[in-house]
$ cat protein-v5.tsv   # TSV, C-alpha atoms
chain	number	residue	atom	x	y	z
A	1	MET	CA	91.06	64.25	145.98
A	2	PRO	CA	93.17	62.27	143.50
A	3	PRO	CA	96.80	61.68	144.34
A	4	ASN	CA	99.28	64.25	143.05
A	5	ILE	CA	101.12	62.15	140.49
A	6	PRO	CA	103.97	63.95	138.72
A	7	GLY	CA	103.00	64.80	135.15
A	8	THR	CA	99.26	64.47	135.73
A	9	LEU	CA	97.16	67.40	134.50
A	10	THR	CA	94.86	68.72	137.20
A	11	ALA	CA	92.52	71.70	137.23
A	12	GLU	CA	94.91	73.53	139.49
A	13	SER	CA	97.95	72.92	137.27
A	14	LEU	CA	95.99	73.98	134.19
A	15	ARG	CA	94.97	77.21	135.82
A	16	ARG	CA	98.60	77.93	136.52
A	17	LYS	CA	99.78	77.13	133.00
A	18	GLU	CA	96.85	77.73	130.66
A	19	GLN	CA	93.24	78.78	130.77
A	20	LEU	CA	90.86	75.81	130.75
A	21	TRP	CA	88.85	77.11	127.78
A	22	LYS	CA	91.95	77.01	125.59
A	23	THR	CA	92.61	73.36	126.39
A	24	ALA	CA	88.98	72.46	125.75
A	25	ASP	CA	89.05	74.35	122.47
A	26	GLN	CA	92.16	72.48	121.35
A	27	LYS	CA	90.55	69.15	122.17
A	28	ALA	CA	87.39	70.02	120.24
A	29	GLN	CA	89.14	69.66	116.86
A	30	LYS	CA	86.40	71.53	115.04
A	31	GLU	CA	85.94	70.40	111.44
A	32	GLY	CA	83.46	71.52	108.76
A	33	ALA	CA	80.58	73.94	109.23
A	34	HIS	CA	79.68	75.01	112.77
A	35	HIS	CA	77.18	77.25	114.43
A	36	THR	CA	78.48	80.35	116.18
A	37	VAL	CA	81.55	79.80	118.36
A	38	TYR	CA	82.17	82.35	121.13
A	39	TRP	CA	85.47	83.34	122.74
A	40	THR	CA	85.97	84.87	126.16
A	41	THR	CA	87.77	87.74	124.39
A	42	GLY	CA	84.41	88.89	123.03
A	43	GLU	CA	84.80	87.64	119.46
A	44	ARG	CA	82.51	85.16	117.75
A	45	TYR	CA	82.73	83.18	114.51
A	46	GLN	CA	80.25	81.31	112.39
A	47	GLY	CA	81.43	79.29	109.42
A	48	SER	CA	83.69	76.48	108.29
A	49	TRP	CA	86.63	74.93	110.13
A	50	HIS	CA	89.51	72.62	109.31
A	51	ASP	CA	91.83	71.11	111.88
A	52	ASN	CA	90.36	73.39	114.56
A	53	LYS	CA	91.13	76.53	112.51
A	54	LYS	CA	88.88	78.92	110.64
A	55	HIS	CA	89.06	77.65	107.08
A	56	GLY	CA	86.61	78.25	104.21
A	57	LYS	CA	83.66	80.64	104.28
A	58	GLY	CA	82.87	82.36	107.54
A	59	THR	CA	82.05	85.53	109.46
A	60	VAL	CA	83.84	86.95	112.47
A	61	ILE	CA	82.38	89.70	114.64
A	62	TYR	CA	85.18	91.30	116.64
A	63	LYS	CA	85.07	92.62	120.18
A	64	ASN	CA	84.48	96.20	118.95
A	65	SER	CA	81.57	94.94	116.73
A	66	ASP	CA	83.48	95.30	113.44
A	67	LYS	CA	83.12	92.23	111.28
A	68	TYR	CA	84.74	90.33	108.43
A	69	GLU	CA	82.76	88.21	105.97
A	70	GLY	CA	84.53	86.02	103.46
A	71	ASP	CA	87.20	83.39	102.93
A	72	TRP	CA	89.58	82.00	105.55
A	73	ALA	CA	92.64	79.74	105.48
A	74	ASN	CA	94.49	78.48	108.56
A	75	ASP	CA	92.82	81.01	110.88
A	76	MET	CA	93.66	83.98	108.60
A	77	ARG	CA	91.61	86.06	106.19
A	78	HIS	CA	92.61	84.65	102.84
A	79	GLY	CA	90.73	84.88	99.53
A	80	LEU	CA	87.80	87.21	98.86
A	81	GLY	CA	86.23	89.07	101.75
A	82	THR	CA	84.76	92.28	103.13
A	83	LEU	CA	85.76	94.14	106.29
A	84	TRP	CA	82.93	96.14	107.86
A	85	LEU	CA	83.27	98.84	110.52
A	86	TYR	CA	80.52	99.41	113.08
A	87	ARG	CA	79.82	103.14	113.23
A	88	ASP	CA	76.91	104.90	114.94
A	89	GLY	CA	74.77	101.80	115.08
A	90	LYS	CA	75.30	100.64	111.51
A	91	TYR	CA	77.88	98.87	109.37
A	92	VAL	CA	79.96	100.63	106.70
A	93	VAL	CA	82.39	98.94	104.32
A	94	ARG	CA	86.08	99.60	104.95
A	95	TYR	CA	87.65	97.19	102.44
A	96	ASN	CA	86.24	94.77	99.89
A	97	GLY	CA	88.45	92.54	97.79
A	98	GLU	CA	91.28	90.03	97.90
A	99	TRP	CA	93.20	88.99	101.03
A	100	ARG	CA	96.39	87.00	101.54
A	101	SER	CA	97.65	85.90	104.96
A	102	ASP	CA	95.30	88.28	106.82
A	103	GLN	CA	96.26	91.38	104.74
A	104	PRO	CA	94.66	93.06	101.70
A	105	THR	CA	96.70	91.72	98.78
A	106	GLY	CA	95.58	91.60	95.16
A	107	HIS	CA	92.69	93.70	93.83
A	108	GLY	CA	90.40	95.54	96.21
A	109	THR	CA	88.52	98.72	97.09
A	110	PHE	CA	89.15	100.82	100.21
A	111	PHE	CA	86.77	103.39	101.71
A	112	ALA	CA	88.30	105.97	104.08
A	113	ASP	CA	86.47	107.70	106.92
A	114	ASN	CA	86.70	111.09	105.14
A	115	GLY	CA	85.09	109.73	101.95
A	116	ASP	CA	88.28	109.14	99.93
A	117	THR	CA	88.35	105.88	97.99
A	118	TYR	CA	90.93	103.69	96.28
A	119	GLU	CA	90.36	100.84	93.87
A	120	GLY	CA	93.29	98.87	92.57
A	121	GLU	CA	96.16	96.62	93.51
A	122	TRP	CA	97.35	95.92	97.07
A	123	LEU	CA	100.34	94.23	98.66
A	124	ASN	CA	100.47	93.38	102.38
A	125	GLY	CA	97.85	95.96	103.29
A	126	LYS	CA	99.32	98.82	101.21
A	127	ARG	CA	98.45	100.29	97.83
A	128	HIS	CA	100.96	98.80	95.43
A	129	GLY	CA	100.60	98.60	91.65
A	130	LYS	CA	98.02	100.21	89.38
A	131	GLY	CA	95.00	101.90	90.90
A	132	ARG	CA	92.53	104.76	90.98
A	133	ALA	CA	92.26	107.06	93.99
A	134	VAL	CA	89.57	109.70	94.56
A	135	TYR	CA	90.24	112.53	97.01
A	136	GLY	CA	87.33	114.64	98.26
A	137	GLY	CA	84.32	115.46	96.14
A	138	ARG	CA	80.80	114.10	96.44
A	139	PRO	CA	80.63	111.24	98.99
A	140	VAL	CA	78.69	108.94	96.64
A	141	ASP	CA	80.98	109.05	93.59
A	142	GLY	CA	83.72	111.59	94.28
A	143	PHE	CA	82.37	114.06	91.71
A	144	GLY	CA	84.15	117.41	92.05
A	145	GLY	CA	87.20	115.92	93.79
A	146	ASP	CA	90.72	115.12	92.61
A	147	VAL	CA	91.19	111.79	90.81
A	148	TYR	CA	94.51	110.00	90.36
A	149	GLU	CA	94.93	107.10	87.97
A	150	GLY	CA	98.31	105.46	87.83
A	151	TYR	CA	100.81	103.51	89.87
A	152	PHE	CA	101.54	103.25	93.58
A	153	GLU	CA	104.50	101.82	95.44
A	154	ASN	CA	104.44	101.07	99.17
A	155	ASP	CA	101.23	103.15	99.63
A	156	VAL	CA	102.38	106.33	97.78
A	157	LYS	CA	102.08	107.53	94.18
A	158	CYS	CA	105.14	106.33	92.30
A	159	GLY	CA	105.72	105.89	88.54
A	160	PRO	CA	103.56	107.10	85.64
A	161	GLY	CA	100.22	108.57	86.59
A	162	THR	CA	97.56	111.15	85.77
A	163	MET	CA	95.98	113.52	88.27
A	164	MET	CA	92.67	115.11	87.24
A	165	TYR	CA	91.98	118.03	89.56
A	166	GLY	CA	88.55	119.19	90.67
A	167	ASN	CA	89.02	122.54	88.85
A	168	GLY	CA	89.50	120.73	85.52
A	169	ASP	CA	93.30	120.92	85.31
A	170	VAL	CA	95.23	117.74	84.48
A	171	PHE	CA	98.77	116.55	85.13
A	172	GLU	CA	100.24	113.63	83.20
A	173	GLY	CA	103.72	112.46	84.12
A	174	LEU	CA	105.99	110.74	86.59
A	175	TRP	CA	105.60	110.56	90.37
A	176	ALA	CA	107.71	109.52	93.37
A	177	ASN	CA	107.00	109.75	97.09
A	178	ASP	CA	103.49	111.08	96.37
A	179	GLN	CA	104.85	114.09	94.45
A	180	LYS	CA	105.53	115.03	90.84
A	181	ASN	CA	109.04	113.83	90.04
A	182	GLY	CA	110.47	113.70	86.52
A	183	THR	CA	109.01	114.69	83.16
A	184	GLY	CA	105.37	115.63	82.81
A	185	THR	CA	102.75	117.91	81.31
A	186	TYR	CA	100.35	120.15	83.21
A	187	PHE	CA	97.22	121.24	81.35
A	188	PHE	CA	95.57	124.49	82.49
A	189	MET	CA	92.23	123.61	80.94
A	190	SER	CA	90.37	126.83	81.80
A	191	LYS	CA	93.16	128.90	80.21
A	192	GLY	CA	93.70	126.62	77.24
A	193	LYS	CA	97.42	126.39	78.02
A	194	ARG	CA	99.91	123.65	78.91
A	195	PHE	CA	103.29	123.36	80.56
A	196	ASP	CA	105.76	120.63	79.52
A	197	GLY	CA	108.69	120.25	81.83
A	198	VAL	CA	110.60	118.51	84.60
A	199	TRP	CA	109.57	118.35	88.27
A	200	ALA	CA	111.56	117.46	91.38
A	201	ASP	CA	109.76	116.78	94.69
A	202	GLY	CA	106.70	118.62	93.40
A	203	SER	CA	108.60	121.73	92.22
A	204	ILE	CA	109.11	122.81	88.60
A	205	LYS	CA	112.72	122.78	87.43
A	206	CYS	CA	112.36	123.77	83.78
A	207	GLY	CA	110.02	123.54	80.83
A	208	THR	CA	107.96	125.33	78.19
A	209	TYR	CA	104.61	127.07	78.40
A	210	SER	CA	102.41	126.88	75.31
A	211	GLU	CA	98.86	126.84	73.99
A	212	ILE	CA	96.97	123.54	74.12
A	213	HIS	CA	95.58	124.44	70.71
A	214	ALA	CA	97.59	127.08	68.89
A	215	PRO	CA	95.36	130.14	68.18
A	216	PRO	CA	95.57	132.25	65.02
A	217	PRO	CA	98.28	134.95	65.12
A	218	GLY	CA	97.17	138.11	66.92
A	219	THR	CA	94.46	136.44	69.01
A	220	PRO	CA	93.95	138.39	72.30
A	221	GLY	CA	95.53	136.53	75.23
A	222	ALA	CA	97.73	134.35	73.01
A	223	LEU	CA	101.26	133.71	74.19
A	224	PRO	CA	103.93	135.88	72.52
A	225	PRO	CA	106.39	134.16	70.19
A	226	CYS	CA	109.61	132.85	71.73
A	227	GLU	CA	112.56	135.17	71.04
A	228	LEU	CA	115.40	132.68	71.68
A	229	ARG	CA	117.63	132.07	68.68
A	230	ASN	CA	117.83	128.31	69.29
A	231	PRO	CA	114.90	127.54	71.62
A	232	ASP	CA	114.83	123.82	70.89
A	233	LYS	CA	118.49	123.42	71.78
A	234	VAL	CA	118.16	125.47	74.98
A	235	LEU	CA	115.10	123.48	76.08
A	236	ALA	CA	116.70	120.12	75.29
A	237	GLU	CA	119.83	120.97	77.28
A	238	SER	CA	117.82	122.33	80.25
A	239	THR	CA	115.46	119.37	80.25
A	240	MET	CA	118.31	116.88	80.17
A	241	ALA	CA	120.13	118.66	83.00
A	242	ALA	CA	117.00	118.76	85.14
A	243	ALA	CA	116.18	115.11	84.47
A	244	GLU	CA	119.73	114.08	85.39
A	245	ALA	CA	119.48	116.09	88.62
A	246	VAL	CA	116.19	114.39	89.53
A	247	ALA	CA	117.63	110.95	88.77
A	248	ALA	CA	120.76	111.68	90.79
A	249	GLY	CA	118.65	112.73	93.75
A	250	ALA	CA	116.59	109.55	93.51
A	251	TYR	CA	119.60	107.25	93.44
A	252	SER	CA	121.34	109.12	96.27
A	253	GLY	CA	118.41	108.53	98.60
A	254	GLY	CA	116.49	111.67	97.81
A	255	ARG	CA	113.37	109.73	96.93
$ encode --input "protein-v5.tsv" --output "structure tokens"
Amino acid sequence: MPPNIPGTLTAESLRRKEQLWKTADQKAQKEGAHHTVYWTTGERYQGSWHDNKKHGKGTVIYKNSDKYEGDWANDMRHGLGTLWLYRDGKYVVRYNGEWRSDQPTGHGTFFADNGDTYEGEWLNGKRHGKGRAVYGGRPVDGFGGDVYEGYFENDVKCGPGTMMYGNGDVFEGLWANDQKNGTGTYFFMSKGKRFDGVWADGSIKCGTYSEIHAPPPGTPGALPPCELRNPDKVLAESTMAAAEAVAAGAYSGGR
């Protein structure tokens, strides 16, 4: 047995302070392309290294059998890559697109377990910027579901956007906190009518109901003429008041 010299690393001292495999891994200083490297945690990686870190193109298979294929930088997913989930003996795509510092950031497509999809901009793993989300409908392409095209902020609909509903109706307007907030127009396509107004937290505050295409006078089912003496003035004042109330709620923390 070697003498116990203070400061000398022995197997016993390493066991107390750090697992031996970690020290050996640090000393390996892996560089360039390597065959599969296994960890005691159950993960394995095959690809490029730099300064003993995953860097370049490579594939990791995680302990639960999910895997990531794509670009790496300094041990983090960074660049273009695809995250696969292992479900019922086969792989399904969860996210495909750009990554920054281990999080989806940039442009990418997300596939949810229930069949919903989102394609657009991301920031730190959340939908942020312009995108297109499909809710429900046919699993292959979302046909028959609701489709939103517009802007997101911190993973919720926020800003200008259009929702095309599965029944054919369409809403074009402003959103906040995933709900209609501000001015917008709702088209009742099956009825041939539209509503222009102001919403707050998904509820209508005021507006006008009219035909999408004005029918000839006397057409059955046509809307009756407005009887207000100054309808434009009344609508303008009501719309302004409602918009100011929505804005005040947003700035006071109601968003």
$ closest_atom_pairs --input "protein-v5.tsv" --of "stretch 90-134 of chain A" --to "stretch 155-169 of chain A" --cutoff "10 Å" --atoms "all atoms listed in the file" --output "JSON lines"
{"residue": "A:Trp122", "atom": "CA", "partner": "A:Asp155", "partner_atom": "CA", "distance": 8.6}
{"residue": "A:Leu123", "atom": "CA", "partner": "A:Asp155", "partner_atom": "CA", "distance": 9.0}
{"residue": "A:Gly125", "atom": "CA", "partner": "A:Asp155", "partner_atom": "CA", "distance": 8.7}
{"residue": "A:Lys126", "atom": "CA", "partner": "A:Asp155", "partner_atom": "CA", "distance": 5.0}
{"residue": "A:Arg127", "atom": "CA", "partner": "A:Asp155", "partner_atom": "CA", "distance": 4.4}
{"residue": "A:His128", "atom": "CA", "partner": "A:Asp155", "partner_atom": "CA", "distance": 6.1}
{"residue": "A:Gly129", "atom": "CA", "partner": "A:Cys158", "partner_atom": "CA", "distance": 9.0}
{"residue": "A:Lys130", "atom": "CA", "partner": "A:Gly161", "partner_atom": "CA", "distance": 9.1}
{"residue": "A:Gly131", "atom": "CA", "partner": "A:Gly161", "partner_atom": "CA", "distance": 9.5}
{"residue": "A:Arg132", "atom": "CA", "partner": "A:Gly161", "partner_atom": "CA", "distance": 9.6}
{"residue": "A:Ala133", "atom": "CA", "partner": "A:Met163", "partner_atom": "CA", "distance": 9.4}
{"residue": "A:Val134", "atom": "CA", "partner": "A:Met164", "partner_atom": "CA", "distance": 9.6}
$ residues_around --input "protein-v5.tsv" --residues "A:Tyr209" --least-positions-apart "3" --cutoff "9 Å" --atoms "only C-alpha atoms" --output "MDAnalysis selection string"
chainID A and resid 193:197 223
$ write_last_selection --input "protein-v5.tsv" --atoms "C-alpha atoms" --output "PDB file, in the coordinates of the input"
ATOM      1  CA  LYS A 193      97.420 126.390  78.020  1.00  0.00           C
ATOM      2  CA  ARG A 194      99.910 123.650  78.910  1.00  0.00           C
ATOM      3  CA  PHE A 195     103.290 123.360  80.560  1.00  0.00           C
ATOM      4  CA  ASP A 196     105.760 120.630  79.520  1.00  0.00           C
ATOM      5  CA  GLY A 197     108.690 120.250  81.830  1.00  0.00           C
ATOM      6  CA  LEU A 223     101.260 133.710  74.190  1.00  0.00           C
TER       7      LEU A 223
END
$ residues_near_point --input "protein-v5.tsv" --point "(84.2, 84.2, 104.9)" --cutoff "7 Å" --atoms "all atoms listed in the file" --output "PyMOL selection string"
chain A and resi 56-59+69-72+81
$ residues_near_point --input "protein-v5.tsv" --point "(106.0, 120.5, 84.7)" --cutoff "8 Å" --atoms "all atoms listed in the file" --output "list of chain:residue names"
A:Thr183, A:Gly184, A:Thr185, A:Tyr186, A:Phe195, A:Asp196, A:Gly197, A:Val198, A:Trp199, A:Ile204, A:Lys205, A:Cys206, A:Gly207
$ closest_residue --input "protein-v5.tsv" --among "A:Gly115, A:Lys191, A:Pro104, A:Trp49" --to "A:His35" --atoms "all atoms listed in the file"
A:Trp49
$ atom_distance --input "protein-v5.tsv" --atom1 "atom CA of A:Val37" --atom2 "atom CA of A:Trp84"
19.5 Å
$ closest_residue --input "protein-v5.tsv" --among "A:Val60, A:Met189, A:Val170, A:Ala176" --to "A:Phe152" --atoms "all atoms listed in the file"
A:Ala176
$ residues_around --input "protein-v5.tsv" --residues "A:Tyr38" --least-positions-apart "5" --cutoff "10 Å" --atoms "only C-alpha atoms" --output "list of chain:residue names"
A:Glu43, A:Arg44, A:Tyr45, A:Gln46, A:Val60, A:Ile61
$ closest_residue --input "protein-v5.tsv" --among "A:Glu149, A:Asp113, A:Asp178, A:Asp88" --to "A:Ala200" --atoms "only C-alpha atoms"
A:Asp178
$ atom_distance --input "protein-v5.tsv" --atom1 "atom CA of A:Ser101" --atom2 "atom CA of A:Glu153"
19.8 Å
$ closest_residue --input "protein-v5.tsv" --among "A:Tyr62, A:Asp51, A:Asn177, A:Glu98" --to "A:Trp39" --atoms "all atoms listed in the file"
A:Tyr62
$ atom_distance --input "protein-v5.tsv" --atom1 "atom CA of A:Gly192" --atom2 "atom CA of A:Glu172"
15.7 Å
$ closest_residue --input "protein-v5.tsv" --among "A:Asp102, A:Val93, A:Gly108, A:Gly42" --to "A:Asp75" --atoms "all atoms listed in the file"
A:Asp102
$ residues_around --input "protein-v5.tsv" --residues "A:Phe110" --least-positions-apart "5" --cutoff "7 Å" --atoms "all atoms listed in the file" --output "PDB file with C-alpha atoms, keeping the file's coordinate frame"
ATOM      1  CA  ARG A  94      86.080  99.600 104.950  1.00  0.00           C
ATOM      2  CA  TYR A  95      87.650  97.190 102.440  1.00  0.00           C
ATOM      3  CA  ASN A  96      86.240  94.770  99.890  1.00  0.00           C
ATOM      4  CA  THR A 117      88.350 105.880  97.990  1.00  0.00           C
ATOM      5  CA  TYR A 118      90.930 103.690  96.280  1.00  0.00           C
ATOM      6  CA  GLU A 119      90.360 100.840  93.870  1.00  0.00           C
TER       7      GLU A 119
END
$ closest_residue --input "protein-v5.tsv" --among "A:Gln179, A:Thr41, A:Ser48, A:Asn64" --to "A:Tyr148" --atoms "only C-alpha atoms"
A:Gln179
